[in-house]
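Student: File follows, coords.txt with compact mmCIF, C-alpha atoms and all ligand atoms:
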```txt
# COMPACT_ATOMS: atom_id res chain seq x y z
CA MET A 17 41.41 130.46 125.52
CA ILE A 18 41.94 129.66 121.87
CA LEU A 19 45.32 130.56 120.55
CA PRO A 20 45.56 132.08 117.10
CA LEU A 21 46.59 129.37 114.65
CA GLU A 22 49.66 131.32 113.63
CA LEU A 23 50.97 131.32 117.17
CA GLN A 24 50.29 127.62 117.63
CA ALA A 25 52.04 126.90 114.37
CA ALA A 26 55.05 129.00 115.38
CA ARG A 27 55.37 127.13 118.67
CA ILE A 28 55.13 123.77 116.96
CA ARG A 29 57.68 124.88 114.42
CA LEU A 30 60.11 126.02 117.13
CA ALA A 31 59.67 122.78 119.10
CA LYS A 32 60.08 120.65 115.97
CA GLU A 33 63.18 122.40 114.70
CA ARG A 34 64.78 122.47 118.15
CA PRO A 35 63.25 119.63 120.17
CA TYR A 36 65.43 120.41 123.20
CA LEU A 37 63.59 123.75 123.52
CA ALA A 38 60.12 122.15 123.52
CA SER A 39 59.50 122.49 127.26
CA ALA A 40 60.44 126.18 127.10
CA ALA A 41 58.26 126.77 124.04
CA TRP A 42 55.26 125.14 125.71
CA ALA A 43 55.84 126.89 129.02
CA LEU A 44 55.06 130.29 127.48
CA GLN A 45 51.69 131.57 128.73
CA PRO A 46 49.92 133.43 125.92
CA VAL A 47 48.11 136.65 126.87
CA PRO A 48 46.19 138.44 124.09
CA LYS A 49 46.85 142.21 123.94
CA PRO A 50 44.80 143.85 121.20
CA GLY A 51 46.52 147.06 120.12
CA LEU A 52 50.00 145.89 121.08
CA LYS A 53 50.92 145.88 117.37
CA SER A 54 53.48 143.14 117.95
CA MET A 55 54.48 140.50 120.50
CA ALA A 56 56.63 140.49 123.63
CA VAL A 57 57.47 138.26 126.58
CA ASP A 58 57.80 139.17 130.23
CA MET A 59 59.98 137.70 132.96
CA TYR A 60 57.12 135.45 134.09
CA TRP A 61 57.06 133.67 130.71
CA ARG A 62 53.88 135.49 129.66
CA LEU A 63 53.70 135.91 125.92
CA TYR A 64 51.76 139.04 124.98
CA TYR A 65 50.49 139.14 121.44
CA ASP A 66 48.26 141.29 119.29
CA PRO A 67 45.79 138.88 117.62
CA ASP A 68 45.32 141.27 114.69
CA VAL A 69 48.97 141.51 113.88
CA LEU A 70 50.29 137.97 114.12
CA SER A 71 48.58 136.79 110.94
CA GLY A 72 50.57 139.39 109.02
CA TRP A 73 53.90 137.86 110.05
CA PRO A 74 55.36 135.04 107.94
CA ALA A 75 55.53 131.76 109.88
CA GLU A 76 59.33 131.68 109.99
CA VAL A 77 59.43 135.24 111.34
CA LEU A 78 56.92 134.47 114.08
CA ALA A 79 58.86 131.31 115.02
CA GLY A 80 62.08 133.36 114.94
CA ALA A 81 60.61 135.99 117.26
CA LEU A 82 59.45 133.27 119.68
CA TYR A 83 62.85 131.63 119.56
CA HIS A 84 64.56 134.94 120.27
CA GLU A 85 62.34 135.62 123.30
CA VAL A 86 62.88 132.10 124.65
CA CYS A 87 66.62 132.81 124.49
CA HIS A 88 66.17 135.76 126.87
CA LEU A 89 64.27 133.53 129.31
CA LEU A 90 66.76 130.68 129.18
CA ARG A 91 69.78 132.94 129.45
CA ASN A 92 68.11 134.59 132.43
CA HIS A 93 68.62 138.14 131.23
CA ALA A 94 65.85 139.39 133.54
CA GLU A 95 67.85 138.36 136.60
CA ARG A 96 71.22 139.36 135.19
CA LEU A 97 70.22 142.84 134.03
CA LYS A 98 67.49 143.87 136.46
CA HIS A 99 69.58 146.61 138.08
CA PHE A 100 70.53 148.31 134.83
CA ASN A 101 68.91 150.84 132.53
CA PRO A 102 66.20 148.78 130.77
CA ARG A 103 66.55 150.44 127.35
CA LEU A 104 70.28 149.73 127.13
CA SER A 105 69.86 146.31 128.79
CA ASN A 106 67.47 145.18 126.10
CA ILE A 107 69.85 146.26 123.34
CA ALA A 108 72.79 144.57 125.09
CA ALA A 109 70.82 141.33 125.64
CA ASP A 110 69.70 141.31 122.00
CA ALA A 111 73.29 141.72 120.85
CA GLU A 112 74.30 138.74 123.01
CA ILE A 113 71.59 136.55 121.48
CA ASN A 114 71.35 137.62 117.89
CA ASP A 115 74.82 136.84 116.58
CA ASP A 116 74.15 133.21 117.56
CA LEU A 117 70.68 133.19 115.96
CA ILE A 118 71.80 134.84 112.74
CA ARG A 119 74.40 132.08 112.32
CA GLU A 120 71.49 129.63 112.57
CA GLY A 121 69.61 131.46 109.83
CA VAL A 122 66.81 132.70 112.10
CA GLU A 123 64.56 135.42 110.66
CA PHE A 124 63.42 138.48 112.59
CA PRO A 125 60.41 140.83 112.36
CA ALA A 126 62.73 143.82 111.83
CA GLN A 127 66.42 144.68 111.63
CA PRO A 128 67.87 142.74 114.59
CA VAL A 129 70.31 144.33 117.03
CA THR A 130 73.69 142.68 116.53
CA PRO A 131 77.12 143.25 118.05
CA GLU A 132 78.17 144.85 114.76
CA PHE A 133 75.16 147.16 114.91
CA ILE A 134 76.44 148.61 118.18
CA GLY A 135 80.08 148.57 117.06
CA GLN A 136 81.18 145.66 119.24
CA PRO A 137 82.86 142.27 118.65
CA GLU A 138 80.76 139.10 118.65
CA ASN A 139 80.50 136.55 121.47
CA LEU A 140 80.52 138.91 124.42
CA LEU A 141 78.11 138.77 127.34
CA ALA A 142 75.15 141.15 127.59
CA GLU A 143 76.85 142.76 130.58
CA GLU A 144 79.88 143.55 128.45
CA TYR A 145 77.75 145.02 125.68
CA TYR A 146 75.91 146.99 128.32
CA ALA A 147 79.10 148.52 129.69
CA ALA A 148 80.14 149.44 126.14
CA LEU A 149 76.74 150.99 125.39
CA GLU A 150 76.83 153.02 128.57
CA ASN A 151 80.28 154.33 127.72
CA GLN A 152 79.15 155.20 124.21
CA GLU A 153 76.10 156.93 125.55
CA SER A 154 77.97 159.02 128.07
CA SER A 155 80.67 160.03 125.59
CA SER A 156 78.29 160.90 122.78
CA ALA A 157 74.62 160.65 123.50
CA ASP A 158 73.39 161.58 120.04
CA GLN A 159 75.42 159.05 118.15
CA THR A 160 74.09 156.15 120.22
CA LYS A 161 70.56 157.36 119.73
CA ASN A 162 71.00 157.20 115.99
CA LYS A 163 72.60 153.79 116.14
CA ALA A 164 70.27 152.02 118.53
CA GLN A 165 67.15 153.96 119.12
CA SER A 166 64.77 152.22 121.45
CA ASP A 167 62.06 154.13 123.16
CA LEU A 168 60.22 152.05 125.73
CA LYS A 169 56.97 153.80 124.81
CA GLU A 170 57.10 152.35 121.33
CA PRO A 171 55.48 148.97 120.65
CA PRO A 172 57.65 145.94 121.38
CA LEU A 173 59.81 144.56 118.60
CA PRO A 174 61.44 141.19 119.39
CA GLY A 175 65.12 141.11 118.50
CA SER A 176 65.31 144.82 117.82
CA GLY A 177 65.83 146.18 121.30
CA ARG A 178 62.26 145.99 122.61
CA CYS A 179 61.44 142.52 123.86
CA GLY A 180 59.77 142.97 127.23
CA SER A 181 60.92 142.28 130.78
CA CYS A 182 62.24 138.84 129.78
CA ALA A 183 65.23 140.85 128.52
CA THR A 184 65.50 143.48 131.22
CA GLY A 185 63.90 142.25 134.44
CA GLN A 186 61.91 145.48 134.49
CA MET A 187 58.23 145.69 133.58
CA ALA A 188 57.37 147.31 130.27
CA SER A 189 54.30 149.53 129.94
CA TRP A 190 52.28 146.85 128.12
CA GLU A 191 52.86 144.12 130.68
CA ASP A 192 50.39 142.77 133.21
CA LYS A 193 51.01 143.09 136.92
CA PRO A 194 53.45 140.65 138.55
CA LEU A 195 52.03 137.24 139.37
CA GLY A 196 49.33 137.19 141.97
CA LYS A 197 45.64 137.68 142.44
CA GLY A 198 43.97 139.52 139.60
CA SER A 199 46.85 139.14 137.18
CA SER A 200 47.25 136.75 134.27
CA SER A 201 48.97 133.48 135.02
CA GLY A 202 52.65 133.00 134.38
CA LEU A 203 55.64 131.11 135.72
CA SER A 204 57.23 131.91 139.07
CA LEU A 205 60.97 132.46 139.18
CA THR A 206 61.39 128.95 140.59
CA GLU A 207 59.29 127.38 137.84
CA GLY A 208 61.34 129.30 135.30
CA GLU A 209 64.54 127.90 136.77
CA LEU A 210 63.12 124.36 136.60
CA ILE A 211 62.40 124.83 132.89
CA ARG A 212 65.95 126.09 132.36
CA ARG A 213 67.39 123.01 134.01
CA ASP A 214 65.07 120.75 132.05
CA VAL A 215 66.10 122.36 128.77
CA ALA A 216 69.76 122.01 129.75
CA ARG A 217 69.24 118.26 130.34
CA GLN A 218 67.38 117.95 127.03
CA ILE A 219 70.27 119.63 125.24
CA ARG A 220 72.74 117.23 126.83
CA GLU A 221 70.61 114.21 125.83
CA HIS A 222 70.10 115.55 122.35
CA SER A 223 73.80 116.12 121.73
CA LYS A 224 74.63 112.65 123.08
CA GLY A 225 72.37 111.12 120.46
CA GLN A 226 72.45 111.91 116.77
CA GLY A 227 70.98 115.34 117.29
CA CYS A 228 72.68 118.51 116.23
CA VAL A 229 72.84 121.27 118.81
CA PRO A 230 74.25 124.72 118.07
CA GLY A 231 77.49 125.40 119.95
CA HIS A 232 76.03 128.22 122.03
CA TRP A 233 73.36 125.89 123.44
CA ALA A 234 75.88 123.14 124.18
CA ARG A 235 78.03 125.65 126.11
CA TRP A 236 74.99 127.08 127.88
CA ALA A 237 73.77 123.65 129.00
CA GLU A 238 77.21 122.64 130.20
CA GLU A 239 77.48 125.77 132.33
CA LYS A 240 73.93 125.31 133.61
CA LEU A 241 74.42 121.69 134.65
CA TYR A 242 78.04 121.91 135.75
CA PRO A 243 78.72 125.48 136.71
CA LYS A 244 82.42 126.16 136.68
CA VAL A 245 82.30 129.60 138.16
CA ASP A 246 83.70 129.26 141.63
CA TRP A 247 81.13 130.23 144.26
CA ARG A 248 83.94 131.79 146.28
CA LYS A 249 84.65 134.20 143.48
CA LYS A 250 80.97 134.97 143.12
CA LEU A 251 80.59 135.53 146.83
CA ALA A 252 83.63 137.81 146.89
CA ALA A 253 82.20 139.73 143.95
CA ALA A 254 78.79 140.06 145.59
CA ILE A 255 80.27 141.30 148.86
CA ARG A 256 82.55 143.78 147.12
CA PHE A 257 79.70 144.94 144.99
CA ALA A 258 77.36 145.37 147.96
CA ALA A 259 80.12 147.21 149.82
CA ALA A 260 80.58 149.59 146.93
CA ASP A 261 76.86 150.03 146.50
CA ILE A 262 76.29 150.77 150.18
CA THR A 263 79.12 153.22 150.48
CA GLY A 264 78.15 154.91 147.24
CA SER A 265 81.24 154.21 145.23
CA VAL A 266 79.76 151.99 142.55
CA ASP A 267 81.17 152.68 139.17
CA TYR A 268 78.24 151.51 137.08
CA SER A 269 80.32 150.86 134.01
CA TYR A 270 81.97 148.04 135.94
CA ARG A 271 78.80 146.41 137.13
CA ARG A 272 78.83 142.72 136.47
CA PRO A 273 76.20 140.02 136.97
CA SER A 274 76.09 138.05 140.16
CA ARG A 275 75.34 134.89 138.29
CA ARG A 276 77.13 134.63 135.02
CA GLN A 277 75.74 132.23 132.52
CA GLY A 278 76.65 131.30 129.03
CA GLN A 279 80.17 131.69 127.78
CA VAL A 280 82.53 133.57 129.98
CA GLY A 281 84.44 136.49 128.52
CA LYS A 282 88.21 136.41 128.48
CA GLY A 283 88.97 137.32 132.07
CA LYS A 284 86.99 140.49 131.81
CA VAL A 285 85.49 140.53 135.26
CA ILE A 286 86.70 143.74 136.77
CA PHE A 287 85.58 145.10 140.09
CA PRO A 288 86.04 148.61 141.21
CA SER A 289 88.81 149.03 143.72
CA LEU A 290 87.44 150.30 146.97
CA ARG A 291 88.84 153.14 148.94
CA CYS A 292 85.88 153.58 151.20
CA PRO A 293 84.61 152.37 154.57
CA VAL A 294 83.65 148.70 154.62
CA PRO A 295 79.99 148.10 155.49
CA SER A 296 78.87 146.67 158.79
CA VAL A 297 77.90 143.05 158.29
CA ALA A 298 75.63 140.52 159.95
CA VAL A 299 75.70 136.88 158.92
CA VAL A 300 72.57 134.82 159.51
CA ALA A 301 73.49 131.14 159.51
CA ASP A 302 70.72 128.58 159.04
CA THR A 303 71.35 125.95 161.70
CA SER A 304 68.20 123.96 161.11
CA GLY A 305 70.09 120.78 160.59
CA SER A 306 70.09 120.26 156.83
CA ILE A 307 73.35 122.11 156.18
CA SER A 308 76.52 120.37 157.25
CA GLU A 309 78.62 122.19 159.81
CA LYS A 310 81.60 121.85 157.55
CA MET A 311 79.93 123.77 154.74
CA LEU A 312 78.69 126.43 157.14
CA ALA A 313 82.12 126.91 158.64
CA GLN A 314 83.62 127.05 155.18
CA SER A 315 81.21 129.77 154.07
CA LEU A 316 81.79 131.78 157.21
CA ALA A 317 85.55 131.51 156.82
CA GLU A 318 85.14 132.69 153.24
CA ILE A 319 83.01 135.65 154.29
CA SER A 320 85.38 136.79 157.01
CA GLY A 321 88.33 136.36 154.68
CA ILE A 322 86.71 138.57 152.06
CA LEU A 323 85.82 141.21 154.62
CA LYS A 324 89.38 141.22 155.97
CA SER A 325 90.73 141.70 152.48
CA LEU A 326 88.47 144.72 152.19
CA GLY A 327 89.94 146.16 155.37
CA GLN A 328 87.20 145.13 157.78
CA ARG A 329 88.73 144.89 161.26
CA GLU A 330 85.67 145.10 163.43
CA GLY A 331 84.55 141.52 163.18
CA ILE A 332 81.11 140.45 162.02
CA HIS A 333 77.94 139.72 163.86
CA VAL A 334 76.93 136.12 163.43
CA LEU A 335 73.47 134.82 164.24
CA ALA A 336 72.75 131.10 164.36
CA VAL A 337 69.08 130.76 163.51
CA ASP A 338 66.61 127.92 163.06
CA GLN A 339 63.15 129.25 163.84
CA THR A 340 64.52 131.34 166.68
CA VAL A 341 67.83 133.07 167.21
CA GLU A 342 70.01 130.57 169.04
CA PHE A 343 73.22 132.53 169.07
CA CYS A 344 74.14 136.11 168.31
CA ARG A 345 77.47 137.76 168.88
CA ARG A 346 80.29 139.60 167.25
CA VAL A 347 83.05 137.28 166.15
CA PHE A 348 86.50 137.71 164.72
CA ARG A 349 87.21 134.11 163.77
CA PRO A 350 84.79 131.43 162.53
CA GLU A 351 85.85 129.15 165.42
CA GLN A 352 84.15 131.51 167.84
CA ILE A 353 80.77 130.60 166.49
CA ARG A 354 78.48 128.15 168.22
CA LEU A 355 76.23 126.61 165.61
CA ALA A 356 73.31 125.80 167.84
CA GLY A 357 69.89 124.98 166.48
CA GLY A 358 68.17 122.05 164.91
CA GLY A 359 64.52 123.11 164.94
CA GLY A 360 62.34 124.36 162.08
CA THR A 361 63.53 127.14 159.83
CA ASP A 362 62.67 130.81 159.48
CA MET A 363 65.35 133.04 158.05
CA GLY A 364 62.98 136.00 158.32
CA VAL A 365 63.39 135.80 162.10
CA GLY A 366 67.15 135.92 161.63
CA LEU A 367 67.00 138.95 159.35
CA GLU A 368 64.70 140.76 161.78
CA ALA A 369 67.13 140.10 164.60
CA ALA A 370 70.02 141.27 162.43
CA ALA A 371 68.11 144.47 161.70
CA ARG A 372 67.81 145.16 165.44
CA ILE A 373 71.58 145.12 166.05
CA LYS A 374 72.95 148.57 166.95
CA PRO A 375 74.62 150.29 165.25
CA SER A 376 72.64 149.03 162.32
CA ARG A 377 74.06 146.50 159.89
CA GLN A 378 74.26 147.59 156.26
CA LEU A 379 74.85 144.17 154.75
CA GLY A 380 73.10 140.94 155.75
CA ILE A 381 74.44 137.62 154.48
CA VAL A 382 72.15 134.62 154.94
CA ILE A 383 73.63 131.14 154.61
CA THR A 384 70.84 128.61 154.09
CA ASP A 385 69.59 125.66 152.09
CA GLY A 386 66.49 127.73 151.30
CA GLN A 387 64.02 125.40 153.03
CA THR A 388 62.55 128.42 154.76
CA SER A 389 59.93 131.10 154.34
CA TRP A 390 61.14 134.61 153.51
CA PRO A 391 59.80 138.07 154.31
CA ASP A 392 58.34 140.06 151.39
CA HIS A 393 61.15 142.55 151.51
CA PRO A 394 64.56 142.90 153.13
CA PRO A 395 64.94 144.81 156.40
CA ARG A 396 65.00 148.54 155.75
CA GLY A 397 68.39 149.88 154.81
CA MET A 398 69.97 146.44 154.54
CA ASN A 399 71.44 144.87 151.41
CA VAL A 400 71.04 141.11 151.53
CA ILE A 401 73.15 138.37 150.00
CA VAL A 402 71.83 134.81 150.21
CA VAL A 403 74.40 132.03 150.09
CA LEU A 404 72.20 129.17 148.98
CA PHE A 405 73.04 125.48 149.19
CA GLY A 406 71.20 123.59 146.47
CA ASP A 407 68.40 124.59 144.15
CA ALA A 408 65.68 125.98 146.42
CA ALA A 409 64.06 129.32 145.72
CA ALA A 410 65.42 132.53 147.19
CA PRO A 411 63.75 135.94 147.31
CA ASP A 412 64.38 138.13 144.29
CA TRP A 413 65.24 141.13 146.44
CA ALA A 414 68.42 139.34 147.49
CA ASN A 415 71.64 138.76 145.59
CA VAL A 416 71.82 134.98 145.51
CA ILE A 417 75.04 132.94 145.43
CA GLN A 418 74.22 129.34 144.72
CA ILE A 419 76.44 126.55 145.94
CA ARG A 420 75.87 123.13 144.49
CA ALA A 421 77.52 120.80 146.91
ZN ZN A 501 65.31 140.52 122.58
```
Represent the structure from my file as C-alpha cells, please.
Ligand SMILES: [Zn+2]
Tutor:
Amino acid sequence: MILPLELQAARIRLAKERPYLASAAWALQPVPKPGLKSMAVDMYWRLYYDPDVLSGWPAEVLAGALYHEVCHLLRNHAERLKHFNPRLSNIAADAEINDDLIREGVEFPAQPVTPEFIGQPENLLAEEYYAALENQESSSADQTKNKAQSDLKEPPLPGSGRCGSCATGQMASWEDKPLGKGSSSGLSLTEGELIRRDVARQIREHSKGQGCVPGHWARWAEEKLYPKVDWRKKLAAAIRFAAADITGSVDYSYRRPSRRQGQVGKGKVIFPSLRCPVPSVAVVADTSGSISEKMLAQSLAEISGILKSLGQREGIHVLAVDQTVEFCRRVFRPEQIRLAGGGGTDMGVGLEAAARIKPSRQLGIVITDGQTSWPDHPPRGMNVIVVLFGDAAAPDWANVIQIRA
C-alpha cells in the first residue's frame, strides 16, 4: 500500500523532531478510510485516515495530530479507561495530554481539549479529569454538553475529544474489527507494550546524551522503566475494587486505574469504603517451577491480609496448578498451602477448577509468570485478577497486577 505523501512526511517530521518516539511513529499501521473526513487511531495502533482530507491539513497540524495520538498509545489510555464512558474518557485523556503538548508548541486540527477547557487544573491524570467530568455531568448535564460536546457519531477529531479507541479502549464506529482473520493488521497488546518499553529506553538514552526531552516524557519513561507504585497497593486496590464491583457498591466517581502511569496525583487515590459482603475468592497459584516459592508465599500472604482487612473470615480456596490441579483446599493461613507442581503450565485448567468450586467463587486471583495459555474469556460470573511476575502477556479480560521482581 502506498501511503499518501502527507502522512509519510508527518511521520518523518514527528520522528525527526522527537527521535525517541521514532519506533512508536513507525509502528502505526495506516488503514485508508475514504469518507472518514479526518484521522484516528485505535488501540491496536491502526491509523485510519481519509486520503482526500489529509492533503488539506498543514504539515505541522498533521504531525501534531499524529503526535497527539501516539501519546494516547504510549500512556496506555485504552487500558486505563476501558471500563469508563468512552465519550468522557476521550475528553479526559485529551485533557491529560494536551496541556503538555501545548507547552511544546504543538498544533492541532481544531480547538484542543485542555484542562482549562473543562474547568480543571493542569497536570492531573485522565482518571482524575474523568471523575471531575462525571461529577459535572451529573450535576448539570447541559452545561457540560456546551463545554465539551463530543458525539461519537461525529467524525474523529484528534485532540478535540474524538481520537478513537487508542484513547478509550472502546471501539469507535469507524474502526475495523479487533485483530484476527479478515481484519486489517495492527499491533497486539503485547507488541504495543514492547514499543512502550522501547520508547521509554530511547527517552532515557536521549536524555543521557545531549538531547532535550520534555519533562512529561522523562517522568513517563522513569515510571515505565522503574515503576514506583507498590504492587501491594495495586493488588489491594484491585481486590477492593473487584469486591465493590461484585457486590454492587461501586461508586463510579471513585474509579481509579489499576495501572497508573505517568505522574501520580497528590495522594488522590481514594477507594470507596465497603460496607458489604466480601466476595468468595479462589487463588490459582502457578506452581510450574519458574516462580520462586518465596514470591508465591509473599503474594498469598498479601492476598489473605487484604481479604482479612475487608472482613473476610471464611478463608480462601487455593489451587496449586501446573498443567493439572495439584492441590485444592480452603486455607486460612498461607502456611497451609502445599505448593506442589513442576510440570507444564495451563492456568486455564486452574480457572476451570476454580469455577467448579461450590458455592461458586466470585473472584479468581491467578498468580503466575504468564508463561501459560489462557482461555478466551474468564469463567462465567467470575472477576479475575492476574498477579503477573515479569513482562509476559496476560488476557485483557483480567485486571493485571504486574510485579517486576
Ligand atoms: Zn486524543
Student: Counting all atoms listed in the file, which of A:Met55, A:Leu140, A:Leu82, A:Cys87 gets nearest to Arg178 in chain A?
Tutor: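 Ranked by minimum distance to Arg178 in chain A, first place goes to A:Met55.
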Student: List every protein, DNA or RNA residue that has an atom no more than 10 Å from (76.8, 120.6, 123.2) in the file's coordinate frame, counting only C-alpha atoms, and report them as a count of residues only.
Tutor: 19
Student: Could you list, as a PyMOL selection string, all residues that come within 10 Å of ligand ZN 501 (chain A)? Count only C-alpha atoms and all ligand atoms.
Tutor: chain A and resi 56-57+81-89+93+105-114+128-129+172-184
Student: Go ahead and compute the interatomic distance for CA of Tyr145 in chain A and CA of Pro131 in chain A, in Å to one decimal.
Tutor: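 For CA of Tyr145 in chain A relative to CA of Pro131 in chain A, the distance reads 7.9 Å.
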Student: Which residue gives the smallest distance to Val299 in chain A among A:Val69, A:Leu323, A:Ala410, A:Leu30, with all atoms listed in the file counted?
Tutor: A:Leu323
Student: Please write range 309-326 of chain A of the preceding block to a file containing N, CA and C atoms, as a PDB file, in the first residue's frame?
Tutor:
```
ATOM      1  N   GLU A 309       9.186 -19.977  45.343  1.00  0.00           N
ATOM      2  CA  GLU A 309       8.208 -20.228  46.398  1.00  0.00           C
ATOM      3  C   GLU A 309       8.063 -19.028  47.305  1.00  0.00           C
ATOM      4  N   LYS A 310       9.171 -18.325  47.457  1.00  0.00           N
ATOM      5  CA  LYS A 310       9.148 -17.164  48.346  1.00  0.00           C
ATOM      6  C   LYS A 310       8.175 -16.108  47.811  1.00  0.00           C
ATOM      7  N   MET A 311       8.283 -15.853  46.504  1.00  0.00           N
ATOM      8  CA  MET A 311       7.407 -14.847  45.908  1.00  0.00           C
ATOM      9  C   MET A 311       5.945 -15.283  45.983  1.00  0.00           C
ATOM     10  N   LEU A 312       5.726 -16.574  45.720  1.00  0.00           N
ATOM     11  CA  LEU A 312       4.351 -17.087  45.774  1.00  0.00           C
ATOM     12  C   LEU A 312       3.763 -16.909  47.171  1.00  0.00           C
ATOM     13  N   ALA A 313       4.560 -17.314  48.162  1.00  0.00           N
ATOM     14  CA  ALA A 313       4.086 -17.231  49.539  1.00  0.00           C
ATOM     15  C   ALA A 313       3.795 -15.785  49.920  1.00  0.00           C
ATOM     16  N   GLN A 314       4.685 -14.904  49.435  1.00  0.00           N
ATOM     17  CA  GLN A 314       4.521 -13.481  49.712  1.00  0.00           C
ATOM     18  C   GLN A 314       3.200 -12.960  49.127  1.00  0.00           C
ATOM     19  N   SER A 315       2.935 -13.341  47.869  1.00  0.00           N
ATOM     20  CA  SER A 315       1.707 -12.877  47.233  1.00  0.00           C
ATOM     21  C   SER A 315       0.476 -13.424  47.958  1.00  0.00           C
ATOM     22  N   LEU A 316       0.557 -14.690  48.332  1.00  0.00           N
ATOM     23  CA  LEU A 316      -0.585 -15.287  49.025  1.00  0.00           C
ATOM     24  C   LEU A 316      -0.822 -14.616  50.381  1.00  0.00           C
ATOM     25  N   ALA A 317       0.271 -14.331  51.075  1.00  0.00           N
ATOM     26  CA  ALA A 317       0.145 -13.667  52.368  1.00  0.00           C
ATOM     27  C   ALA A 317      -0.516 -12.302  52.163  1.00  0.00           C
ATOM     28  N   GLU A 318      -0.088 -11.634  51.118  1.00  0.00           N
ATOM     29  CA  GLU A 318      -0.637 -10.320  50.788  1.00  0.00           C
ATOM     30  C   GLU A 318      -2.144 -10.420  50.540  1.00  0.00           C
ATOM     31  N   ILE A 319      -2.512 -11.412  49.718  1.00  0.00           N
ATOM     32  CA  ILE A 319      -3.920 -11.574  49.358  1.00  0.00           C
ATOM     33  C   ILE A 319      -4.763 -11.877  50.596  1.00  0.00           C
ATOM     34  N   SER A 320      -4.273 -12.803  51.442  1.00  0.00           N
ATOM     35  CA  SER A 320      -5.110 -13.109  52.610  1.00  0.00           C
ATOM     36  C   SER A 320      -5.172 -11.935  53.572  1.00  0.00           C
ATOM     37  N   GLY A 321      -4.070 -11.191  53.655  1.00  0.00           N
ATOM     38  CA  GLY A 321      -4.079  -9.994  54.503  1.00  0.00           C
ATOM     39  C   GLY A 321      -5.125  -8.983  54.060  1.00  0.00           C
ATOM     40  N   ILE A 322      -5.174  -8.767  52.748  1.00  0.00           N
ATOM     41  CA  ILE A 322      -6.128  -7.795  52.198  1.00  0.00           C
ATOM     42  C   ILE A 322      -7.562  -8.261  52.465  1.00  0.00           C
ATOM     43  N   LEU A 323      -7.777  -9.562  52.242  1.00  0.00           N
ATOM     44  CA  LEU A 323      -9.134 -10.079  52.446  1.00  0.00           C
ATOM     45  C   LEU A 323      -9.544  -9.974  53.914  1.00  0.00           C
ATOM     46  N   LYS A 324      -8.603 -10.239  54.802  1.00  0.00           N
ATOM     47  CA  LYS A 324      -8.911 -10.098  56.239  1.00  0.00           C
ATOM     48  C   LYS A 324      -9.284  -8.664  56.557  1.00  0.00           C
ATOM     49  N   SER A 325      -8.530  -7.731  55.987  1.00  0.00           N
ATOM     50  CA  SER A 325      -8.815  -6.325  56.288  1.00  0.00           C
ATOM     51  C   SER A 325     -10.190  -5.917  55.761  1.00  0.00           C
ATOM     52  N   LEU A 326     -10.683  -6.658  54.785  1.00  0.00           N
ATOM     53  CA  LEU A 326     -12.015  -6.379  54.267  1.00  0.00           C
ATOM     54  C   LEU A 326     -13.099  -7.092  55.088  1.00  0.00           C
TER      55      LEU A 326
END
```
